[in-house]
Amino acid sequence: MPLERSQRGQCVETKQLADGRVALRQSTDPAGPALIYTPQEMAAFVDGVKRGLADHLMAG
C-alpha cells in the first residue's frame with residue numbers, strides 16, 4: 001500500500017504497516033526517514049489534537 005497524500009497540499013504522508021503501526025514521513029522528502037508509531041501512540045496524538053493540545057502549532 002502506498003503512502004497516502006492529502007489532496008490539499010499538506011506535507012505529511014501516512015501508511016498503516018502490516019503489523020498495525022503507522023509510518024509518517026514528509027511528502028517533500030520521500031527518500032527521507034519515516035517516523036513509526038504504534039496504534040496507541042497515534043490514538044493519543046489524535047485525541048490530543050482534538051482536545052486542542054496542538055493548537056499552538058497553528059498559530060501565526
# chains A, B, ... in the order shown; residues from 1 in each chain; ligands from 1
$ residues_around --residues "A:Arg25" --least-positions-apart "3" --cutoff "8 Å" --atoms "only C-alpha atoms" --output "PDB file with C-alpha atoms, in the first residue's frame"
ATOM      1  CA  VAL A  12       2.691  14.535   5.670  1.00  0.00           C
ATOM      2  CA  GLU A  13       2.143  11.085   4.191  1.00  0.00           C
ATOM      3  CA  THR A  14       0.907   8.142   6.231  1.00  0.00           C
ATOM      4  CA  ASP A  29      11.364  14.261   1.099  1.00  0.00           C
ATOM      5  CA  PRO A  30      10.131  10.805   0.006  1.00  0.00           C
ATOM      6  CA  GLY A  32      13.919  10.643   3.881  1.00  0.00           C
ATOM      7  CA  PRO A  33      13.183   8.812   7.108  1.00  0.00           C
ATOM      8  CA  ALA A  34       9.740   7.813   8.315  1.00  0.00           C
ATOM      9  CA  LEU A  35       8.596   8.066  11.900  1.00  0.00           C
TER      10      LEU A  35
END
$ residues_around --residues "stretch 43-45 of chain A" --least-positions-apart "6" --cutoff "12 Å" --atoms "only C-alpha atoms" --output "PDB file with N, CA and C atoms, in the first residue's frame"
ATOM      1  N   ARG A  21       1.276  -0.748  13.017  1.00  0.00           N
ATOM      2  CA  ARG A  21       1.906   0.543  13.288  1.00  0.00           C
ATOM      3  C   ARG A  21       1.648   1.480  12.114  1.00  0.00           C
ATOM      4  N   VAL A  22       1.898   2.769  12.346  1.00  0.00           N
ATOM      5  CA  VAL A  22       1.672   3.786  11.324  1.00  0.00           C
ATOM      6  C   VAL A  22       2.990   4.488  11.029  1.00  0.00           C
ATOM      7  N   TYR A  37       4.920   4.879  14.486  1.00  0.00           N
ATOM      8  CA  TYR A  37       4.149   4.983  15.722  1.00  0.00           C
ATOM      9  C   TYR A  37       3.254   3.775  15.908  1.00  0.00           C
ATOM     10  N   ARG A  51      -8.463  17.695  21.432  1.00  0.00           N
ATOM     11  CA  ARG A  51      -8.638  18.451  22.681  1.00  0.00           C
ATOM     12  C   ARG A  51      -7.932  19.805  22.647  1.00  0.00           C
ATOM     13  N   GLY A  52      -7.286  20.137  21.515  1.00  0.00           N
ATOM     14  CA  GLY A  52      -6.662  21.452  21.371  1.00  0.00           C
ATOM     15  C   GLY A  52      -5.226  21.529  21.837  1.00  0.00           C
ATOM     16  N   LEU A  53      -4.607  20.391  22.158  1.00  0.00           N
ATOM     17  CA  LEU A  53      -3.249  20.440  22.684  1.00  0.00           C
ATOM     18  C   LEU A  53      -2.194  20.782  21.636  1.00  0.00           C
ATOM     19  N   ALA A  54      -2.577  20.813  20.372  1.00  0.00           N
ATOM     20  CA  ALA A  54      -1.619  21.168  19.312  1.00  0.00           C
ATOM     21  C   ALA A  54      -1.985  22.499  18.650  1.00  0.00           C
TER      22      ALA A  54
END
$ atom_distance --atom1 "atom CA of A:Cys11" --atom2 "atom CA of A:Val46"
17.1 Å
$ atom_distance --atom1 "atom CA of A:Gln40" --atom2 "atom CA of A:Leu24"
14.7 Å
$ closest_residue --among "A:Gly20, A:Ala59, A:Lys15, A:Ser27" --to "A:Glu41" --atoms "only C-alpha atoms"
A:Gly20
$ atom_distance --atom1 "atom CA of A:Lys50" --atom2 "atom CA of A:Thr28"
26.0 Å
$ decode --residues "stretch 25-53 of chain A" --atoms "N, CA, C and O atoms" --output "short mmCIF file (atom, residue, chain, number, x, y, z; two decimals), in the first residue's frame"
data_model
loop_
_atom_site.label_atom_id
_atom_site.label_comp_id
_atom_site.auth_asym_id
_atom_site.auth_seq_id
_atom_site.Cartn_x
_atom_site.Cartn_y
_atom_site.Cartn_z
N ARG A 25 5.83 10.34 7.09
CA ARG A 25 7.02 10.98 6.52
C ARG A 25 6.62 12.28 5.85
O ARG A 25 5.47 12.53 5.52
N GLN A 26 7.62 13.11 5.61
CA GLN A 26 7.42 14.38 4.92
C GLN A 26 7.31 14.11 3.42
O GLN A 26 8.19 13.49 2.83
N SER A 27 6.24 14.57 2.81
CA SER A 27 5.99 14.27 1.39
C SER A 27 7.02 14.93 0.48
O SER A 27 7.29 14.43 -0.60
N THR A 28 7.61 16.02 0.92
CA THR A 28 8.60 16.70 0.08
C THR A 28 9.97 16.03 0.13
O THR A 28 10.86 16.42 -0.58
N ASP A 29 10.11 15.00 0.99
CA ASP A 29 11.36 14.26 1.10
C ASP A 29 11.06 12.76 1.13
O ASP A 29 11.29 12.09 2.13
N PRO A 30 10.55 12.21 0.01
CA PRO A 30 10.13 10.81 0.01
C PRO A 30 11.25 9.81 0.27
O PRO A 30 10.99 8.68 0.70
N ALA A 31 12.49 10.20 0.06
CA ALA A 31 13.61 9.31 0.34
C ALA A 31 14.08 9.44 1.79
O ALA A 31 14.93 8.68 2.24
N GLY A 32 13.51 10.40 2.50
CA GLY A 32 13.92 10.64 3.88
C GLY A 32 13.32 9.63 4.84
O GLY A 32 12.58 8.73 4.44
N PRO A 33 13.64 9.78 6.11
CA PRO A 33 13.18 8.81 7.11
C PRO A 33 11.69 8.92 7.38
O PRO A 33 11.07 9.96 7.15
N ALA A 34 11.13 7.83 7.86
CA ALA A 34 9.74 7.81 8.31
C ALA A 34 9.75 7.63 9.83
O ALA A 34 10.60 6.94 10.38
N LEU A 35 8.80 8.27 10.48
CA LEU A 35 8.60 8.07 11.90
C LEU A 35 7.56 6.97 12.05
O LEU A 35 6.55 6.97 11.35
N ILE A 36 7.80 6.02 12.94
CA ILE A 36 6.91 4.87 13.10
C ILE A 36 6.25 4.97 14.48
O ILE A 36 6.93 5.10 15.49
N TYR A 37 4.92 4.88 14.49
CA TYR A 37 4.15 4.98 15.72
C TYR A 37 3.25 3.77 15.91
O TYR A 37 2.74 3.22 14.94
N THR A 38 3.02 3.42 17.17
CA THR A 38 2.09 2.34 17.48
C THR A 38 0.66 2.89 17.34
O THR A 38 0.45 4.12 17.38
N PRO A 39 -0.32 2.01 17.22
CA PRO A 39 -1.71 2.48 17.19
C PRO A 39 -2.07 3.30 18.45
O PRO A 39 -2.79 4.29 18.36
N GLN A 40 -1.53 2.90 19.59
CA GLN A 40 -1.81 3.63 20.82
C GLN A 40 -1.22 5.04 20.79
O GLN A 40 -1.83 6.00 21.26
N GLU A 41 -0.02 5.17 20.26
CA GLU A 41 0.60 6.49 20.14
C GLU A 41 -0.19 7.37 19.18
O GLU A 41 -0.40 8.56 19.46
N MET A 42 -0.65 6.81 18.08
CA MET A 42 -1.44 7.60 17.13
C MET A 42 -2.77 8.01 17.75
O MET A 42 -3.22 9.15 17.57
N ALA A 43 -3.41 7.11 18.50
CA ALA A 43 -4.67 7.44 19.15
C ALA A 43 -4.48 8.57 20.16
O ALA A 43 -5.30 9.49 20.24
N ALA A 44 -3.39 8.53 20.92
CA ALA A 44 -3.10 9.58 21.89
C ALA A 44 -2.84 10.91 21.18
O ALA A 44 -3.31 11.97 21.63
N PHE A 45 -2.13 10.87 20.06
CA PHE A 45 -1.88 12.09 19.29
C PHE A 45 -3.18 12.70 18.77
O PHE A 45 -3.44 13.89 18.94
N VAL A 46 -4.01 11.88 18.15
CA VAL A 46 -5.28 12.36 17.59
C VAL A 46 -6.16 12.91 18.71
O VAL A 46 -6.78 13.97 18.56
N ASP A 47 -6.22 12.22 19.84
CA ASP A 47 -7.01 12.69 20.97
C ASP A 47 -6.50 14.05 21.44
O ASP A 47 -7.29 14.96 21.70
N GLY A 48 -5.19 14.20 21.53
CA GLY A 48 -4.62 15.48 21.94
C GLY A 48 -4.94 16.60 20.97
O GLY A 48 -5.27 17.72 21.38
N VAL A 49 -4.89 16.32 19.69
CA VAL A 49 -5.23 17.32 18.67
C VAL A 49 -6.70 17.72 18.83
O VAL A 49 -7.04 18.91 18.81
N LYS A 50 -7.57 16.74 18.99
CA LYS A 50 -9.00 17.03 19.16
C LYS A 50 -9.27 17.87 20.40
O LYS A 50 -10.19 18.68 20.42
N ARG A 51 -8.46 17.70 21.43
CA ARG A 51 -8.64 18.45 22.68
C ARG A 51 -7.93 19.81 22.65
O ARG A 51 -7.94 20.54 23.62
N GLY A 52 -7.29 20.14 21.52
CA GLY A 52 -6.66 21.45 21.37
C GLY A 52 -5.23 21.53 21.84
O GLY A 52 -4.66 22.62 21.90
N LEU A 53 -4.61 20.39 22.16
CA LEU A 53 -3.25 20.44 22.68
C LEU A 53 -2.19 20.78 21.64
O LEU A 53 -1.05 21.03 21.99
#
